[in-house]
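The block underneath contains the structure these notes are about, expressed in structure tokens.
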Amino acid sequence: MPSTKPAAKLNWPLMKNNIAREDLNAVIELLQQEDPILTQSKNVRAFEAEWSQWLGVKHSVFVNSGSSANLVTIAALKELHGAGGEVIVPAITWVSDISAVLHCGFTPVFADINPRTLSMDTEQILSKITPQTRAVFLTHVLGYNGLTDKLLTELKARGIPLIEDVCESHGATFRNQKLGSFGWASNFSFYYAHHLSTIEGGMVCTDDEDLYEAVRMMRGHGMVRELAGSDRKAGYFEENPDLNPDFIFAFPAYNVRSTEVNAVIGRSQLPRLDANNEKRTANFMLFLRNLDPDLYRTDFDTEGSSNYAFTLVLKEPNQGLYERVVAALRGANVEFRRGTAGGGNQLRQPYLRRLLGDDAWKQCPIADHVHFYGFYIGNYPTLDADSILKLCDLLNGLK
């Protein structure tokens, strides 16, 4: 029987602010300059270069959010690979992955998840590929790696671009190589309390020169002057002699630029990212080792993982246990989110029910289990081992 003893108050917020005093001091130093430039300028360029070096890619483009990174990436896919067709997407992800696909006129095709990674299952992805497939948009969920050798080999052989959403998985690896360096493109978010935060911010990363230039223009109204390559600029100038070279709009694009303030914060945080990730990983492994495997999933594929959250998933659909978990966490003042960070199975959300019907969720039963019986709890570098063990004792006592 579950314990009736009131739980000790753990006072565990979902997330804690990543922005430290040293980051704020870097902003103050910028603002104290005699005439500081605050719009996109040299600090943005420096942050892009430093991030590219850390990740191991040729190019990065800093934007104002991870959602904007999703949008300009899919918009560039449309311009470079043609309009129309299908993009394979996960049921467990953030809404902006799917909304970007919809906004750009592609059809989302959903694949169910691998319960050990919460990312799309490789066999599910491959079974969904058709002649209409334009890309696979894979989310590395809450720090887990979603890649397999088979997936990478098959996509390469079929010439299908892989887009990696790494918004929740900074520093996670596959085969000792950082996630976000495998695909045609990758997207990162620097939102509050992610592994690295710039208040709001995101990054598009790639080794592909054409994609890099397209995303640079997509970020800044589609303007040709945003191009990095002088030869490309010259081509547009020659083709459009009737236009002011400073105001040639190649694409009907967006303004999703970020600022020098955000870039300064990112540059200040980047040197301590790896050390903070090591602390988060140690926290998460301690949590999994001490969680009751008869009640909860503890067999996640943690190789190379970099989790900024504790994933708590009931092993079996058990409404009684679910209700006891909710009551215990609330009683201990432990903040949580049901169904992972994105609100669970996206196919149950109103915007997709209107498009695909009320029964579309049945396509992804494993994602649906996470929707109803999955939680995430915050994991940050300042957590102490004693609190983690007390949390595990609380959860293990709910049989």
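Letters A, B, ... mark the chains of the structure tokens in the order given; residue numbers begin at 1 per chain; ligand numbers begin at 1, in order shown.
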
When you look at Ala367 of chain A with a cut-off of 12 Å (counting only C-alpha atoms), what residues show up, excluding the ones that are within fewer than 3 positions of it in the same chain? I need them as a PDB file with N, CA, C and O atoms, in the first residue's frame.
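As written to disk, out_18.pdb reads:
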```
ATOM      1  N   PRO A  90       7.462  13.763 -35.881  1.00  0.00           N
ATOM      2  CA  PRO A  90       7.089  12.969 -34.711  1.00  0.00           C
ATOM      3  C   PRO A  90       5.798  13.429 -34.066  1.00  0.00           C
ATOM      4  O   PRO A  90       5.404  14.595 -34.180  1.00  0.00           O
ATOM      5  N   ALA A  91       5.147  12.515 -33.353  1.00  0.00           N
ATOM      6  CA  ALA A  91       3.962  12.876 -32.574  1.00  0.00           C
ATOM      7  C   ALA A  91       4.356  13.520 -31.251  1.00  0.00           C
ATOM      8  O   ALA A  91       3.586  14.287 -30.681  1.00  0.00           O
ATOM      9  N   ILE A  92       5.556  13.193 -30.749  1.00  0.00           N
ATOM     10  CA  ILE A  92       6.080  13.807 -29.525  1.00  0.00           C
ATOM     11  C   ILE A  92       7.126  14.831 -29.942  1.00  0.00           C
ATOM     12  O   ILE A  92       8.236  14.475 -30.357  1.00  0.00           O
ATOM     13  N   THR A  93       6.765  16.093 -29.876  1.00  0.00           N
ATOM     14  CA  THR A  93       7.674  17.171 -30.253  1.00  0.00           C
ATOM     15  C   THR A  93       7.035  18.484 -29.817  1.00  0.00           C
ATOM     16  O   THR A  93       5.954  18.496 -29.230  1.00  0.00           O
ATOM     17  N   PHE A 110       3.060  11.401 -39.787  1.00  0.00           N
ATOM     18  CA  PHE A 110       3.483  11.128 -38.419  1.00  0.00           C
ATOM     19  C   PHE A 110       4.015   9.712 -38.244  1.00  0.00           C
ATOM     20  O   PHE A 110       3.455   8.749 -38.770  1.00  0.00           O
ATOM     21  N   ALA A 111       5.104   9.629 -37.476  1.00  0.00           N
ATOM     22  CA  ALA A 111       5.678   8.348 -37.101  1.00  0.00           C
ATOM     23  C   ALA A 111       5.636   8.225 -35.586  1.00  0.00           C
ATOM     24  O   ALA A 111       5.826   9.209 -34.864  1.00  0.00           O
ATOM     25  N   ASP A 112       5.386   7.014 -35.108  1.00  0.00           N
ATOM     26  CA  ASP A 112       5.348   6.782 -33.664  1.00  0.00           C
ATOM     27  C   ASP A 112       6.769   6.721 -33.109  1.00  0.00           C
ATOM     28  O   ASP A 112       7.754   6.689 -33.857  1.00  0.00           O
ATOM     29  N   ILE A 113       6.857   6.694 -31.789  1.00  0.00           N
ATOM     30  CA  ILE A 113       8.148   6.828 -31.126  1.00  0.00           C
ATOM     31  C   ILE A 113       8.719   5.482 -30.694  1.00  0.00           C
ATOM     32  O   ILE A 113       8.007   4.483 -30.565  1.00  0.00           O
ATOM     33  N   ASN A 114      10.005   5.483 -30.453  1.00  0.00           N
ATOM     34  CA  ASN A 114      10.700   4.402 -29.771  1.00  0.00           C
ATOM     35  C   ASN A 114      10.600   4.698 -28.273  1.00  0.00           C
ATOM     36  O   ASN A 114      11.048   5.756 -27.828  1.00  0.00           O
ATOM     37  N   PRO A 115      10.027   3.812 -27.463  1.00  0.00           N
ATOM     38  CA  PRO A 115       9.820   4.145 -26.047  1.00  0.00           C
ATOM     39  C   PRO A 115      11.119   4.322 -25.267  1.00  0.00           C
ATOM     40  O   PRO A 115      11.110   4.927 -24.195  1.00  0.00           O
ATOM     41  N   ARG A 116      12.231   3.841 -25.819  1.00  0.00           N
ATOM     42  CA  ARG A 116      13.505   3.961 -25.104  1.00  0.00           C
ATOM     43  C   ARG A 116      14.206   5.279 -25.393  1.00  0.00           C
ATOM     44  O   ARG A 116      15.155   5.642 -24.705  1.00  0.00           O
ATOM     45  N   THR A 117      13.749   6.010 -26.409  1.00  0.00           N
ATOM     46  CA  THR A 117      14.361   7.306 -26.723  1.00  0.00           C
ATOM     47  C   THR A 117      13.340   8.443 -26.791  1.00  0.00           C
ATOM     48  O   THR A 117      13.739   9.615 -26.781  1.00  0.00           O
ATOM     49  N   LEU A 118      12.069   8.119 -26.889  1.00  0.00           N
ATOM     50  CA  LEU A 118      10.970   9.076 -27.071  1.00  0.00           C
ATOM     51  C   LEU A 118      11.036   9.793 -28.421  1.00  0.00           C
ATOM     52  O   LEU A 118      10.189  10.629 -28.716  1.00  0.00           O
ATOM     53  N   SER A 119      12.047   9.471 -29.240  1.00  0.00           N
ATOM     54  CA  SER A 119      12.160  10.005 -30.592  1.00  0.00           C
ATOM     55  C   SER A 119      11.499   9.042 -31.584  1.00  0.00           C
ATOM     56  O   SER A 119      11.212   7.892 -31.249  1.00  0.00           O
ATOM     57  N   MET A 120      11.311   9.500 -32.807  1.00  0.00           N
ATOM     58  CA  MET A 120      10.686   8.639 -33.820  1.00  0.00           C
ATOM     59  C   MET A 120      11.462   7.329 -33.977  1.00  0.00           C
ATOM     60  O   MET A 120      12.697   7.318 -34.043  1.00  0.00           O
ATOM     61  N   ASP A 121      10.730   6.258 -34.068  1.00  0.00           N
ATOM     62  CA  ASP A 121      11.304   4.936 -34.273  1.00  0.00           C
ATOM     63  C   ASP A 121      11.800   4.794 -35.714  1.00  0.00           C
ATOM     64  O   ASP A 121      11.102   5.177 -36.667  1.00  0.00           O
ATOM     65  N   VAL A 141      14.372  14.078 -28.335  1.00  0.00           N
ATOM     66  CA  VAL A 141      13.473  14.495 -27.255  1.00  0.00           C
ATOM     67  C   VAL A 141      14.190  14.517 -25.904  1.00  0.00           C
ATOM     68  O   VAL A 141      14.795  13.513 -25.491  1.00  0.00           O
ATOM     69  N   VAL A 313       8.089   7.919 -16.811  1.00  0.00           N
ATOM     70  CA  VAL A 313       7.032   7.297 -17.612  1.00  0.00           C
ATOM     71  C   VAL A 313       6.590   6.019 -16.918  1.00  0.00           C
ATOM     72  O   VAL A 313       7.420   5.151 -16.608  1.00  0.00           O
ATOM     73  N   GLY A 339       3.094  14.457 -20.085  1.00  0.00           N
ATOM     74  CA  GLY A 339       3.182  14.203 -21.520  1.00  0.00           C
ATOM     75  C   GLY A 339       4.417  14.778 -22.188  1.00  0.00           C
ATOM     76  O   GLY A 339       4.428  15.001 -23.388  1.00  0.00           O
ATOM     77  N   THR A 340       5.473  15.031 -21.426  1.00  0.00           N
ATOM     78  CA  THR A 340       6.736  15.664 -21.863  1.00  0.00           C
ATOM     79  C   THR A 340       6.518  17.140 -22.166  1.00  0.00           C
ATOM     80  O   THR A 340       5.438  17.686 -21.965  1.00  0.00           O
ATOM     81  N   GLY A 342       6.148  19.066 -24.785  1.00  0.00           N
ATOM     82  CA  GLY A 342       5.322  19.636 -25.851  1.00  0.00           C
ATOM     83  C   GLY A 342       3.834  19.409 -25.717  1.00  0.00           C
ATOM     84  O   GLY A 342       3.086  19.635 -26.670  1.00  0.00           O
ATOM     85  N   GLY A 343       3.373  18.934 -24.552  1.00  0.00           N
ATOM     86  CA  GLY A 343       1.943  18.712 -24.380  1.00  0.00           C
ATOM     87  C   GLY A 343       1.484  17.337 -24.816  1.00  0.00           C
ATOM     88  O   GLY A 343       0.295  17.123 -25.050  1.00  0.00           O
ATOM     89  N   GLY A 344       2.426  16.394 -24.933  1.00  0.00           N
ATOM     90  CA  GLY A 344       2.050  15.018 -25.251  1.00  0.00           C
ATOM     91  C   GLY A 344       1.871  14.777 -26.734  1.00  0.00           C
ATOM     92  O   GLY A 344       2.531  15.391 -27.576  1.00  0.00           O
ATOM     93  N   ASN A 345       0.984  13.875 -27.055  1.00  0.00           N
ATOM     94  CA  ASN A 345       0.738  13.449 -28.430  1.00  0.00           C
ATOM     95  C   ASN A 345       0.141  14.610 -29.229  1.00  0.00           C
ATOM     96  O   ASN A 345      -1.010  15.001 -29.022  1.00  0.00           O
ATOM     97  N   GLN A 346       0.915  15.157 -30.155  1.00  0.00           N
ATOM     98  CA  GLN A 346       0.450  16.303 -30.931  1.00  0.00           C
ATOM     99  C   GLN A 346      -0.812  15.989 -31.725  1.00  0.00           C
ATOM    100  O   GLN A 346      -1.614  16.892 -32.018  1.00  0.00           O
ATOM    101  N   LEU A 347      -1.025  14.734 -32.052  1.00  0.00           N
ATOM    102  CA  LEU A 347      -2.199  14.362 -32.841  1.00  0.00           C
ATOM    103  C   LEU A 347      -3.506  14.528 -32.064  1.00  0.00           C
ATOM    104  O   LEU A 347      -4.587  14.473 -32.653  1.00  0.00           O
ATOM    105  N   ARG A 348      -3.417  14.749 -30.768  1.00  0.00           N
ATOM    106  CA  ARG A 348      -4.597  15.041 -29.959  1.00  0.00           C
ATOM    107  C   ARG A 348      -4.866  16.541 -29.843  1.00  0.00           C
ATOM    108  O   ARG A 348      -5.888  16.931 -29.276  1.00  0.00           O
ATOM    109  N   TRP A 361      -4.894  10.327 -33.513  1.00  0.00           N
ATOM    110  CA  TRP A 361      -3.967   9.932 -32.449  1.00  0.00           C
ATOM    111  C   TRP A 361      -3.720   8.421 -32.421  1.00  0.00           C
ATOM    112  O   TRP A 361      -2.687   7.950 -31.923  1.00  0.00           O
ATOM    113  N   LYS A 362      -4.648   7.661 -32.973  1.00  0.00           N
ATOM    114  CA  LYS A 362      -4.516   6.199 -32.952  1.00  0.00           C
ATOM    115  C   LYS A 362      -3.338   5.709 -33.796  1.00  0.00           C
ATOM    116  O   LYS A 362      -2.904   4.560 -33.655  1.00  0.00           O
ATOM    117  N   GLN A 363      -2.811   6.593 -34.673  1.00  0.00           N
ATOM    118  CA  GLN A 363      -1.632   6.233 -35.468  1.00  0.00           C
ATOM    119  C   GLN A 363      -0.408   6.003 -34.584  1.00  0.00           C
ATOM    120  O   GLN A 363       0.530   5.326 -34.997  1.00  0.00           O
ATOM    121  N   CYS A 364      -0.404   6.585 -33.399  1.00  0.00           N
ATOM    122  CA  CYS A 364       0.812   6.606 -32.576  1.00  0.00           C
ATOM    123  C   CYS A 364       0.497   6.183 -31.142  1.00  0.00           C
ATOM    124  O   CYS A 364       0.517   7.017 -30.213  1.00  0.00           O
ATOM    125  N   VAL A 370       2.753   7.915 -23.514  1.00  0.00           N
ATOM    126  CA  VAL A 370       3.504   9.005 -22.896  1.00  0.00           C
ATOM    127  C   VAL A 370       2.583  10.198 -22.629  1.00  0.00           C
ATOM    128  O   VAL A 370       2.719  10.881 -21.606  1.00  0.00           O
ATOM    129  N   HIS A 371       1.642  10.422 -23.530  1.00  0.00           N
ATOM    130  CA  HIS A 371       0.698  11.528 -23.370  1.00  0.00           C
ATOM    131  C   HIS A 371      -0.044  11.424 -22.039  1.00  0.00           C
ATOM    132  O   HIS A 371      -0.215  12.428 -21.327  1.00  0.00           O
ATOM    133  N   PHE A 372      -0.483  10.217 -21.685  1.00  0.00           N
ATOM    134  CA  PHE A 372      -1.299  10.041 -20.487  1.00  0.00           C
ATOM    135  C   PHE A 372      -0.510   9.595 -19.259  1.00  0.00           C
ATOM    136  O   PHE A 372      -0.933   9.880 -18.130  1.00  0.00           O
ATOM    137  N   TYR A 373       0.611   8.926 -19.469  1.00  0.00           N
ATOM    138  CA  TYR A 373       1.324   8.333 -18.335  1.00  0.00           C
ATOM    139  C   TYR A 373       2.798   8.748 -18.274  1.00  0.00           C
ATOM    140  O   TYR A 373       3.602   8.085 -17.630  1.00  0.00           O
ATOM    141  N   GLY A 374       3.115   9.837 -18.947  1.00  0.00           N
ATOM    142  CA  GLY A 374       4.483  10.351 -18.916  1.00  0.00           C
ATOM    143  C   GLY A 374       4.552  11.729 -18.300  1.00  0.00           C
ATOM    144  O   GLY A 374       3.599  12.515 -18.393  1.00  0.00           O
TER     145      GLY A 374
END
```

Give me the residues within 7 Å of Phe336 of chain A as a PDB file with C-alpha atoms, in the first residue's frame, counting only C-alpha atoms and dropping any in the same chain fewer than 4 places off.
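Result written to out.pdb:
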```pdb
ATOM      1  CA  LEU A  14      10.356  22.807 -13.156  1.00  0.00           C
ATOM      2  CA  PHE A 375       5.903  13.317 -17.028  1.00  0.00           C
ATOM      3  CA  TYR A 376       8.991  15.408 -17.002  1.00  0.00           C
ATOM      4  CA  ILE A 377      10.606  16.942 -13.937  1.00  0.00           C
TER       5      ILE A 377
END
```

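Here atom CA of Arg280 of chain A stands at a distance of 21.6 Å from atom CA of Trp94 of chain A.
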
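Close contacts of Leu291 of chain A, defined as residues with an atom at most 12 Å away when counting only C-alpha atoms, with chain neighbours fewer than 5 positions off set aside, comprise Phe284, Met285, Leu286, Tyr296, Arg297, Thr298, Asp299, Phe310, Thr311, Leu312, Val313, Leu314, Lys315, Ile388, Leu389, Lys390, Leu391, Cys392, Asp393, Leu394, Leu395, Asn396, Gly397 and Leu398 of chain A.
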
Could you tell me, as number ranges by chain, which residues of segment 144-324 of chain A DSSP assigns to helix (DSSP H, G or I) when given the backbone? A: 149-158, 209-219, 224-226, 230-239, 245-247, 260-289, 319-324

For segment 250-260 of chain A, list every protein, DNA or RNA residue within 9 Å, evaluated using only C-alpha atoms, and leave out those in the same chain fewer than 2 positions away; present the list as a ChimeraX atom specification. /A:27,30,37-44,62-65,68-69,72,75,79,200-202,214,217-224,236,248,262-265

For the residues selected in the previous step, produce a file with C-alpha atoms as a PDB file, in the first residue's frame.
```pdb
ATOM      1  CA  VAL A  27      25.437  42.519 -20.897  1.00  0.00           C
ATOM      2  CA  LEU A  30      28.053  45.910 -23.587  1.00  0.00           C
ATOM      3  CA  ILE A  37      25.222  48.562 -31.281  1.00  0.00           C
ATOM      4  CA  LEU A  38      22.364  46.420 -29.982  1.00  0.00           C
ATOM      5  CA  THR A  39      20.883  45.086 -33.196  1.00  0.00           C
ATOM      6  CA  GLN A  40      22.472  42.118 -34.978  1.00  0.00           C
ATOM      7  CA  SER A  41      26.198  42.825 -35.350  1.00  0.00           C
ATOM      8  CA  LYS A  42      29.639  41.512 -34.390  1.00  0.00           C
ATOM      9  CA  ASN A  43      28.575  39.603 -31.263  1.00  0.00           C
ATOM     10  CA  VAL A  44      25.965  37.705 -33.263  1.00  0.00           C
ATOM     11  CA  PHE A  62      21.472  32.881 -34.954  1.00  0.00           C
ATOM     12  CA  VAL A  63      17.736  33.677 -34.855  1.00  0.00           C
ATOM     13  CA  ASN A  64      15.282  34.877 -32.232  1.00  0.00           C
ATOM     14  CA  SER A  65      13.911  31.473 -31.144  1.00  0.00           C
ATOM     15  CA  SER A  68      11.992  30.576 -35.816  1.00  0.00           C
ATOM     16  CA  ALA A  69      14.861  28.192 -36.522  1.00  0.00           C
ATOM     17  CA  VAL A  72      13.285  29.309 -41.683  1.00  0.00           C
ATOM     18  CA  ALA A  75      11.067  27.621 -45.671  1.00  0.00           C
ATOM     19  CA  GLU A  79      12.922  27.065 -51.826  1.00  0.00           C
ATOM     20  CA  GLU A 200      14.987  33.820 -26.269  1.00  0.00           C
ATOM     21  CA  GLY A 201      17.022  32.550 -29.196  1.00  0.00           C
ATOM     22  CA  GLY A 202      17.729  29.754 -31.620  1.00  0.00           C
ATOM     23  CA  ALA A 214      19.129  30.681 -47.931  1.00  0.00           C
ATOM     24  CA  MET A 217      18.242  35.586 -46.284  1.00  0.00           C
ATOM     25  CA  MET A 218      15.166  33.979 -44.709  1.00  0.00           C
ATOM     26  CA  ARG A 219      16.211  35.447 -41.365  1.00  0.00           C
ATOM     27  CA  GLY A 220      16.361  39.009 -42.742  1.00  0.00           C
ATOM     28  CA  HIS A 221      13.309  39.676 -44.947  1.00  0.00           C
ATOM     29  CA  GLY A 222      14.747  37.616 -47.827  1.00  0.00           C
ATOM     30  CA  MET A 223      17.226  40.400 -48.597  1.00  0.00           C
ATOM     31  CA  VAL A 224      20.166  39.615 -50.849  1.00  0.00           C
ATOM     32  CA  TYR A 236      21.552  38.978 -58.031  1.00  0.00           C
ATOM     33  CA  ILE A 248      16.689  43.167 -53.428  1.00  0.00           C
ATOM     34  CA  ASN A 262      21.134  37.813 -26.675  1.00  0.00           C
ATOM     35  CA  ALA A 263      24.387  36.927 -28.413  1.00  0.00           C
ATOM     36  CA  VAL A 264      26.511  38.285 -25.553  1.00  0.00           C
ATOM     37  CA  ILE A 265      24.612  36.093 -23.087  1.00  0.00           C
TER      38      ILE A 265
END
```

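Taking atom CA of Asp208 of chain A and atom CA of Val95 of chain A as endpoints, the distance between them is 25.9 Å.
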
Which parts of segment 177-276 of chain A does DSSP call strand (DSSP E or B) when run on the backbone here, written out as a CSV table (one decimal) with N, CA and C atoms, in the first residue's frame?
```csv
chain,number,residue,atom,x,y,z
A,177,GLN,N,29.7,11.8,-31.7
A,177,GLN,CA,29.6,13.0,-32.5
A,177,GLN,C,28.3,13.7,-32.1
A,178,LYS,N,28.4,15.0,-31.9
A,178,LYS,CA,27.3,15.8,-31.4
A,178,LYS,C,26.1,15.7,-32.3
A,185,ALA,N,20.3,19.8,-42.0
A,185,ALA,CA,20.1,21.0,-41.1
A,185,ALA,C,19.9,20.6,-39.7
A,186,SER,N,20.2,21.4,-38.8
A,186,SER,CA,19.8,21.2,-37.4
A,186,SER,C,19.3,22.5,-36.7
A,187,ASN,N,18.4,22.4,-35.8
A,187,ASN,CA,17.8,23.5,-35.1
A,187,ASN,C,18.1,23.4,-33.6
A,188,PHE,N,18.4,24.5,-33.0
A,188,PHE,CA,18.6,24.6,-31.5
A,188,PHE,C,17.7,25.7,-30.9
A,189,SER,N,17.3,25.5,-29.7
A,189,SER,CA,16.6,26.6,-29.0
A,189,SER,C,17.4,27.0,-27.8
A,202,GLY,N,17.6,31.0,-31.0
A,202,GLY,CA,17.7,29.8,-31.6
A,202,GLY,C,18.8,29.8,-32.6
A,203,MET,N,19.2,28.6,-33.2
A,203,MET,CA,20.3,28.5,-34.1
A,203,MET,C,19.9,27.5,-35.2
A,204,VAL,N,20.2,27.8,-36.4
A,204,VAL,CA,20.2,26.9,-37.6
A,204,VAL,C,21.6,26.5,-37.9
A,205,CYS,N,21.9,25.2,-38.0
A,205,CYS,CA,23.3,24.8,-38.3
A,205,CYS,C,23.3,23.9,-39.5
A,206,THR,N,24.4,24.0,-40.2
A,206,THR,CA,24.5,23.1,-41.5
A,206,THR,C,25.9,23.2,-42.0
A,220,GLY,N,16.4,37.6,-42.6
A,220,GLY,CA,16.4,39.0,-42.7
A,220,GLY,C,15.6,39.5,-43.9
A,223,MET,N,16.4,39.4,-47.9
A,223,MET,CA,17.2,40.4,-48.6
A,223,MET,C,18.6,39.8,-49.0
A,249,PHE,N,14.9,41.7,-52.7
A,249,PHE,CA,14.3,40.7,-51.9
A,249,PHE,C,14.1,39.4,-52.7
A,255,ASN,N,11.4,38.4,-40.6
A,255,ASN,CA,12.4,39.1,-39.8
A,255,ASN,C,12.5,38.3,-38.5
A,259,THR,N,19.5,39.7,-31.3
A,259,THR,CA,20.2,41.0,-31.0
A,259,THR,C,21.6,40.7,-30.4
```

Closest of A:Leu295, A:Leu352, A:His195, A:Arg330 to Lys16 of chain A, counting only C-alpha atoms, is A:His195

If I take atom CA of Ile19 of chain A and atom CA of Ser306 of chain A, how far is one from the other in Å, to one decimal? 18.9 Å

Long-range neighbours of His81 of chain A as a PDB file with N, CA and C atoms, in the first residue's frame, 10 Å cut-off, only C-alpha atoms, 3 positions minimum in chain:
```
ATOM      1  N   ALA A  75      11.234  26.688 -44.547  1.00  0.00           N
ATOM      2  CA  ALA A  75      11.067  27.621 -45.671  1.00  0.00           C
ATOM      3  C   ALA A  75      12.205  27.461 -46.671  1.00  0.00           C
ATOM      4  N   ALA A  76      13.419  27.254 -46.170  1.00  0.00           N
ATOM      5  CA  ALA A  76      14.561  27.036 -47.062  1.00  0.00           C
ATOM      6  C   ALA A  76      14.442  25.699 -47.787  1.00  0.00           C
ATOM      7  N   LEU A  77      13.919  24.678 -47.104  1.00  0.00           N
ATOM      8  CA  LEU A  77      13.666  23.388 -47.758  1.00  0.00           C
ATOM      9  C   LEU A  77      12.743  23.587 -48.954  1.00  0.00           C
ATOM     10  N   LYS A  78      11.707  24.374 -48.762  1.00  0.00           N
ATOM     11  CA  LYS A  78      10.751  24.639 -49.842  1.00  0.00           C
ATOM     12  C   LYS A  78      11.423  25.337 -51.016  1.00  0.00           C
ATOM     13  N   GLY A  84       5.562  21.637 -51.946  1.00  0.00           N
ATOM     14  CA  GLY A  84       4.681  20.485 -51.934  1.00  0.00           C
ATOM     15  C   GLY A  84       5.398  19.219 -51.507  1.00  0.00           C
ATOM     16  N   ARG A 134       9.831  14.708 -48.752  1.00  0.00           N
ATOM     17  CA  ARG A 134      10.816  15.764 -49.017  1.00  0.00           C
ATOM     18  C   ARG A 134      11.876  15.859 -47.923  1.00  0.00           C
ATOM     19  N   ALA A 135      11.549  15.392 -46.709  1.00  0.00           N
ATOM     20  CA  ALA A 135      12.515  15.448 -45.605  1.00  0.00           C
ATOM     21  C   ALA A 135      11.982  14.621 -44.445  1.00  0.00           C
ATOM     22  N   PRO A 161      16.686  14.561 -47.236  1.00  0.00           N
ATOM     23  CA  PRO A 161      17.333  15.385 -46.218  1.00  0.00           C
ATOM     24  C   PRO A 161      16.832  15.052 -44.810  1.00  0.00           C
TER      25      PRO A 161
END
```

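Counting only C-alpha atoms, the residue from A:Ala157, A:Val334, A:Leu179, A:Ala26 that sits nearest to Gly56 of chain A is A:Leu179.
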
From the list A:Gly66, A:Pro245, A:Gly304, A:Gly159, which residue is nearest Thr198 of chain A when using only C-alpha atoms? A:Gly66

Using only C-alpha atoms: which of A:Ala328, A:Asn18, A:Pro317, A:Ala341 has the shortest distance to Pro365 of chain A: A:Pro317

Find the residues near Leu321 of chain A: any atom within 8 Å, counting only C-alpha atoms, skip ones fewer than 3 places away on the same chain, and give them as an MDAnalysis selection string. chainID A and resid 318 324:325 398:399
